[in-house]
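Novice: mmCIF, C-alpha atoms, saved as input06.cif, coming up:
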```cif
data_coords
#
loop_
_atom_site.label_atom_id
_atom_site.label_comp_id
_atom_site.auth_asym_id
_atom_site.auth_seq_id
_atom_site.Cartn_x
_atom_site.Cartn_y
_atom_site.Cartn_z
CA MET W 1 0.00 0.00 0.00
CA GLU W 2 1.40 3.38 -1.04
CA GLN W 3 1.77 5.60 2.03
CA SER W 4 3.97 8.47 0.80
CA GLY W 5 0.95 10.63 -0.07
CA LYS W 6 -0.39 10.29 3.48
CA ILE W 7 2.61 11.64 5.38
CA LYS W 8 4.17 15.08 5.45
CA VAL W 9 7.91 15.20 5.98
CA ARG W 10 9.92 18.24 7.00
CA GLY W 11 12.88 18.92 9.22
CA ASN W 12 15.80 21.00 10.39
CA ILE W 13 19.55 20.72 10.32
CA ARG W 14 22.31 22.14 12.52
CA ILE W 15 25.93 21.95 11.43
CA GLU W 16 28.79 22.65 13.84
CA HIS W 17 32.40 23.02 12.71
CA SER W 18 35.44 22.51 14.91
CA SER W 19 36.34 26.18 14.29
CA GLY W 20 33.24 27.20 16.28
CA LYS W 21 31.06 28.08 13.29
CA VAL W 22 27.43 26.99 13.63
CA TRP W 23 24.88 26.93 10.82
CA GLU W 24 21.16 26.11 11.13
CA SER W 25 18.39 25.87 8.56
CA LYS W 26 15.48 23.85 7.27
CA ASN W 27 16.48 20.79 5.31
CA PHE W 28 15.14 19.50 2.02
CA VAL W 29 13.48 16.08 2.00
CA VAL W 30 13.47 14.70 -1.53
CA ASN W 31 10.69 12.77 -3.27
CA GLN W 32 12.81 9.65 -3.53
CA GLY W 33 13.18 9.54 0.26
CA VAL W 34 9.50 10.20 0.96
CA HIS W 35 8.45 7.42 -1.42
CA PHE W 36 10.87 4.98 0.21
CA VAL W 37 9.48 5.83 3.68
CA GLY W 38 5.95 5.38 2.33
CA ASP W 39 6.88 1.95 1.02
CA ILE W 40 8.31 1.02 4.41
CA LEU W 41 5.23 2.25 6.30
CA GLY W 42 2.96 0.47 3.81
CA GLY W 43 4.83 -2.81 4.22
CA ALA W 44 6.02 -2.93 0.60
CA ASN W 45 9.67 -2.45 1.55
CA THR W 46 12.10 -2.51 4.44
CA GLY W 47 15.00 -0.22 5.22
CA THR W 48 16.30 2.47 7.52
CA ILE W 49 17.96 5.87 7.51
CA TYR W 50 21.41 4.58 8.33
CA ARG W 51 24.07 6.75 6.70
CA MET W 52 25.14 10.34 6.08
CA ALA W 53 27.09 11.43 3.03
CA ILE W 54 29.09 14.61 2.57
CA GLY W 55 30.44 16.39 -0.47
CA ASP W 56 31.83 19.59 -1.87
CA GLY W 57 29.26 20.40 -4.58
CA GLY W 58 27.15 22.79 -2.53
CA VAL W 59 28.92 25.96 -3.69
CA ASP W 60 29.40 27.55 -7.09
CA GLY W 61 32.77 28.30 -8.68
CA LEU W 62 33.00 31.57 -6.72
CA GLY W 63 32.49 29.90 -3.33
CA ALA W 64 28.88 31.09 -2.90
CA ARG W 65 26.46 28.55 -1.43
CA VAL W 66 24.13 27.07 -4.04
CA LEU W 67 20.55 27.18 -2.86
CA PRO W 68 18.49 24.36 -4.28
CA ASP W 69 16.16 25.67 -6.98
CA ASP W 70 12.50 24.76 -7.32
CA THR W 71 13.44 21.27 -8.54
CA TRP W 72 15.35 20.31 -5.35
CA TYR W 73 12.74 17.69 -4.41
CA LEU W 74 13.76 15.69 -7.51
CA LYS W 75 17.41 15.34 -6.43
CA THR W 76 18.76 11.80 -6.27
CA GLY W 77 22.30 12.36 -5.05
CA LEU W 78 24.98 14.78 -3.94
CA VAL W 79 26.41 17.07 -6.62
CA GLN W 80 30.03 16.17 -5.73
CA PRO W 81 29.98 13.25 -3.27
CA ALA W 82 33.16 12.79 -1.26
CA TYR W 83 32.55 10.14 1.36
CA SER W 84 29.91 8.69 3.62
CA ASN W 85 29.67 6.93 6.96
CA ASP W 86 27.15 4.75 8.69
CA LEU W 87 25.48 6.54 11.57
CA THR W 88 27.20 5.45 14.75
CA ALA W 89 24.69 6.97 17.18
CA PRO W 90 21.20 5.47 17.20
CA CYS W 91 18.29 7.48 15.88
CA VAL W 92 16.28 9.01 18.74
CA VAL W 93 12.52 8.85 18.11
CA THR W 94 9.79 10.80 19.93
CA HIS W 95 6.06 10.96 19.19
CA ASP W 96 3.48 13.47 20.48
CA GLY W 97 0.36 11.88 18.98
CA GLN W 98 0.50 13.78 15.66
CA THR W 99 4.18 14.19 14.83
CA THR W 100 6.98 11.66 15.00
CA SER W 101 10.40 13.28 15.43
CA LEU W 102 13.57 11.52 14.35
CA TYR W 103 16.94 12.87 15.53
CA PHE W 104 20.18 11.89 13.80
CA ASN W 105 23.69 13.01 14.78
CA HIS W 106 26.99 12.29 13.08
CA VAL W 107 30.55 13.63 13.16
CA PHE W 108 32.63 13.76 9.97
CA THR W 109 36.35 14.13 10.59
CA GLY W 110 39.24 15.25 8.43
CA ALA W 111 41.21 12.36 9.88
CA GLU W 112 38.94 9.83 8.15
CA ASN W 113 38.52 11.89 4.96
CA VAL W 114 40.48 10.00 2.34
CA SER W 115 39.09 11.91 -0.64
CA ALA W 116 40.59 14.99 -2.27
CA MET W 117 37.87 17.15 -0.71
CA THR W 118 39.25 19.97 1.44
CA ASP W 119 36.03 21.95 1.98
CA ALA W 120 32.62 20.39 2.56
CA SER W 121 29.46 22.19 1.44
CA GLU W 122 26.68 19.61 1.06
CA VAL W 123 25.33 16.77 3.15
CA ALA W 124 22.65 14.10 2.75
CA LEU W 125 20.81 11.56 4.86
CA VAL W 126 20.74 8.16 3.17
CA ILE W 127 17.93 5.63 3.43
CA GLY W 128 18.18 2.04 2.29
CA TYR W 129 19.02 -1.48 3.31
CA GLY W 130 21.85 -0.76 5.71
CA SER W 131 25.50 -1.64 5.49
CA SER W 132 26.18 -4.70 3.45
CA GLY W 133 29.21 -5.44 1.36
CA ILE W 134 29.95 -2.42 -0.83
CA LEU W 135 28.14 -0.07 1.55
CA THR W 136 30.64 -0.32 4.37
CA GLY W 137 33.41 2.14 5.05
CA ASN W 138 34.40 5.52 3.71
CA ASN W 139 34.19 6.29 0.01
CA ALA W 140 31.48 3.66 -0.36
CA VAL W 141 28.86 3.85 -3.08
CA ILE W 142 26.90 6.85 -1.88
CA MET W 143 23.74 7.25 -3.93
CA PRO W 144 23.66 5.24 -7.13
CA ASN W 145 20.80 6.05 -9.49
CA LEU W 146 19.60 2.53 -10.12
CA VAL W 147 16.17 1.17 -10.99
CA GLY W 148 15.02 -1.65 -8.76
CA PRO W 149 16.16 -2.36 -5.21
CA PRO W 150 19.11 -4.74 -5.06
CA VAL W 151 20.67 -4.98 -1.60
CA GLU W 152 23.43 -2.48 -2.38
CA VAL W 153 21.00 0.31 -3.36
CA ASN W 154 20.50 3.25 -1.09
CA TYR W 155 18.67 6.50 -1.71
CA MET W 156 19.03 10.09 -0.70
CA PHE W 157 16.36 10.96 1.87
CA ALA W 158 17.20 14.57 2.76
CA TYR W 159 19.69 17.09 1.41
CA ARG W 160 21.20 20.44 2.34
CA THR W 161 23.91 22.78 1.11
CA PHE W 162 25.86 24.99 3.51
CA GLU W 163 28.76 27.41 3.47
CA GLU W 164 32.16 25.85 2.82
CA LEU W 165 33.69 24.33 5.94
CA ALA W 166 37.22 22.89 6.09
CA LEU W 167 37.47 19.10 6.18
CA ALA W 168 40.89 18.49 4.71
CA PRO W 169 42.15 14.90 4.48
CA GLY W 170 44.17 13.94 7.54
CA SER W 171 43.36 17.17 9.40
CA GLY W 172 41.85 17.64 12.85
CA ASP W 173 38.78 19.34 11.33
CA THR W 174 35.35 18.03 12.30
CA ILE W 175 31.84 18.72 11.07
CA THR W 176 29.04 17.62 13.39
CA VAL W 177 25.62 17.28 11.77
CA HIS W 178 22.43 17.29 13.87
CA TRP W 179 19.45 16.39 11.72
CA THR W 180 15.79 16.44 12.80
CA ILE W 181 13.14 14.86 10.60
CA LEU W 182 9.47 15.42 11.44
CA LEU W 183 6.86 13.00 10.09
CA GLU W 184 3.25 14.17 10.31
CA ASN W 185 0.16 12.15 9.50
CA GLY W 186 -1.47 13.63 6.38
#
```
Now, as a test, write the supplied structure out as structure tokens.

Specialist:
Amino acid sequence: MEQSGKIKVRGNIRIEHSSGKVWESKNFVVNQGVHFVGDILGGANTGTIYRMAIGDGGVDGLGARVLPDDTWYLKTGLVQPAYSNDLTAPCVVTHDGQTTSLYFNHVFTGAENVSAMTDASEVALVIGYGSSGILTGNNAVIMPNLVGPPVEVNYMFAYRTFEELALAPGSGDTITVHWTILLENG
């Protein structure tokens, strides 16, 4: 049973950098993610939000943050994916009778960054079948655009660009992402 038309999804994001910079905004939940959640709620699929991915495609060539245009909800992946990690802290879930709140936290570190990325500017929550084979570890397949759900497929659930923050390979830089997703019954 298709459930994605019966739920409203929104949320917020807070990004903290080891330099002390803090950035907060609404996040963008993409159609692909909403449909996957609807399939899970309707019993047609299984999966979890289990990973965050980070990249450096959230700014233009002049270093200005790219705001998603009016087609953002159709996004299927990061513009310039760098690496991703499974969420190490469990999702915290609360429910007040109308809204279910999901809280995700993750820390990206320059020490584990093995890509050429030196400044991060986009981040995504990933929903899918969890870590299995090719999905484990840094620089894993982040968001392939495949039709059909083999085990190694995962989808972008939510997306956000932000100002460039240092995350140079091997550095002591950290970016902590606090993501809140609110699910409301339609």

Novice: Where does segment 22-82 of chain W meet segment 122-125 of chain W within 7 Å, residue by residue, with the nearest atom pair and distance in Å to one decimal for each, counting all atoms listed in the file, listed by chain and rising number, as JSON lines?

Specialist:
```
{"residue": "W:Ile49", "atom": "CA", "partner": "W:Leu125", "partner_atom": "CA", "distance": 6.9}
{"residue": "W:Arg51", "atom": "CA", "partner": "W:Leu125", "partner_atom": "CA", "distance": 6.1}
{"residue": "W:Met52", "atom": "CA", "partner": "W:Leu125", "partner_atom": "CA", "distance": 4.7}
{"residue": "W:Ala53", "atom": "CA", "partner": "W:Ala124", "partner_atom": "CA", "distance": 5.2}
{"residue": "W:Ile54", "atom": "CA", "partner": "W:Val123", "partner_atom": "CA", "distance": 4.4}
{"residue": "W:Gly55", "atom": "CA", "partner": "W:Glu122", "partner_atom": "CA", "distance": 5.2}
{"residue": "W:Asp56", "atom": "CA", "partner": "W:Glu122", "partner_atom": "CA", "distance": 5.9}
{"residue": "W:Gly57", "atom": "CA", "partner": "W:Glu122", "partner_atom": "CA", "distance": 6.3}
{"residue": "W:Gly58", "atom": "CA", "partner": "W:Glu122", "partner_atom": "CA", "distance": 4.8}
```

Novice: Next, dump the selected residues to file, keeping only C-alpha atoms, as a JSON list (two decimals), in the coordinates of the input.

Specialist:
```
[["chain", "number", "residue", "atom", "x", "y", "z"],
["W", 49, "ILE", "CA", 17.96, 5.87, 7.51],
["W", 51, "ARG", "CA", 24.07, 6.75, 6.70],
["W", 52, "MET", "CA", 25.14, 10.34, 6.08],
["W", 53, "ALA", "CA", 27.09, 11.43, 3.03],
["W", 54, "ILE", "CA", 29.09, 14.61, 2.57],
["W", 55, "GLY", "CA", 30.44, 16.39, -0.47],
["W", 56, "ASP", "CA", 31.83, 19.59, -1.87],
["W", 57, "GLY", "CA", 29.26, 20.40, -4.58],
["W", 58, "GLY", "CA", 27.15, 22.79, -2.53]]
```

Novice: Show me, as JSON, numbers by chain, the residues that have an atom within 12 Å of segment 108-113 of chain W when counting only C-alpha atoms, minus same-chain residues fewer than 2 positions from it.

Specialist: {"W": [15, 16, 17, 18, 51, 52, 53, 54, 55, 81, 82, 83, 84, 85, 86, 87, 88, 105, 106, 115, 116, 117, 118, 119, 120, 123, 137, 138, 139, 165, 166, 167, 168, 169, 170, 171, 172, 173, 174, 175, 176, 177, 178]}

Novice: Could you tell me how far atom CA of Tyr50 of chain W lies from atom CA of Tyr103 of chain W, in Å and to one decimal?

Specialist: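 Atom CA of Tyr103 of chain W lies at a distance of 11.9 Å from atom CA of Tyr50 of chain W.
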
Novice: I'd like to know which of W:Asn154, W:Leu182, W:Gly77, W:Arg160 is closest to His95 of chain W, using only C-alpha atoms.

Specialist: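 Of W:Asn154, W:Leu182, W:Gly77, W:Arg160, the one nearest His95 of chain W, counting only C-alpha atoms, is W:Leu182.
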
Novice: Please report the interatomic distance between atom CA of Thr71 of chain W and atom CA of His35 of chain W in Å with one decimal.

Specialist: 16.4 Å

Novice: When the PyMOL selection byres ((chain W and resi 156) around 6) is applied to the structure above, which residues does it catch, written out as a list in words?

Specialist: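 On this input, the PyMOL selection byres ((chain W and resi 156) around 6) captures Gly33, Thr76, Gly77, Val126, Tyr155, Phe157 and Ala158 of chain W.
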
Novice: For Glu24 of chain W, find every residue with an atom within 8 Å (counting all atoms listed in the file), except residues of its own chain fewer than 6 positions away, and show them as a list in words.

Specialist: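 So the residues in contact are Asn12, Ile13, Arg14 and Ile15 of chain W.
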
Novice: Rank nothing, just name the residue among W:Val59, W:Lys21, W:Phe104, W:Thr180 nearest to Leu78 of chain W, using only C-alpha atoms.

Specialist: W:Val59

Novice: Please report the interatomic distance between atom CA of Arg65 of chain W and atom CA of Val29 of chain W in Å with one decimal.

Specialist: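 Going from atom CA of Arg65 of chain W over to atom CA of Val29 of chain W covers 18.3 Å.
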
Novice: Nearest residue to Lys75 of chain W out of W:Phe162, W:Trp23, W:Val93, W:Val34, using only C-alpha atoms?

Specialist: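 Comparing W:Phe162, W:Trp23, W:Val93, W:Val34 against Lys75 of chain W, the winner is W:Val34.
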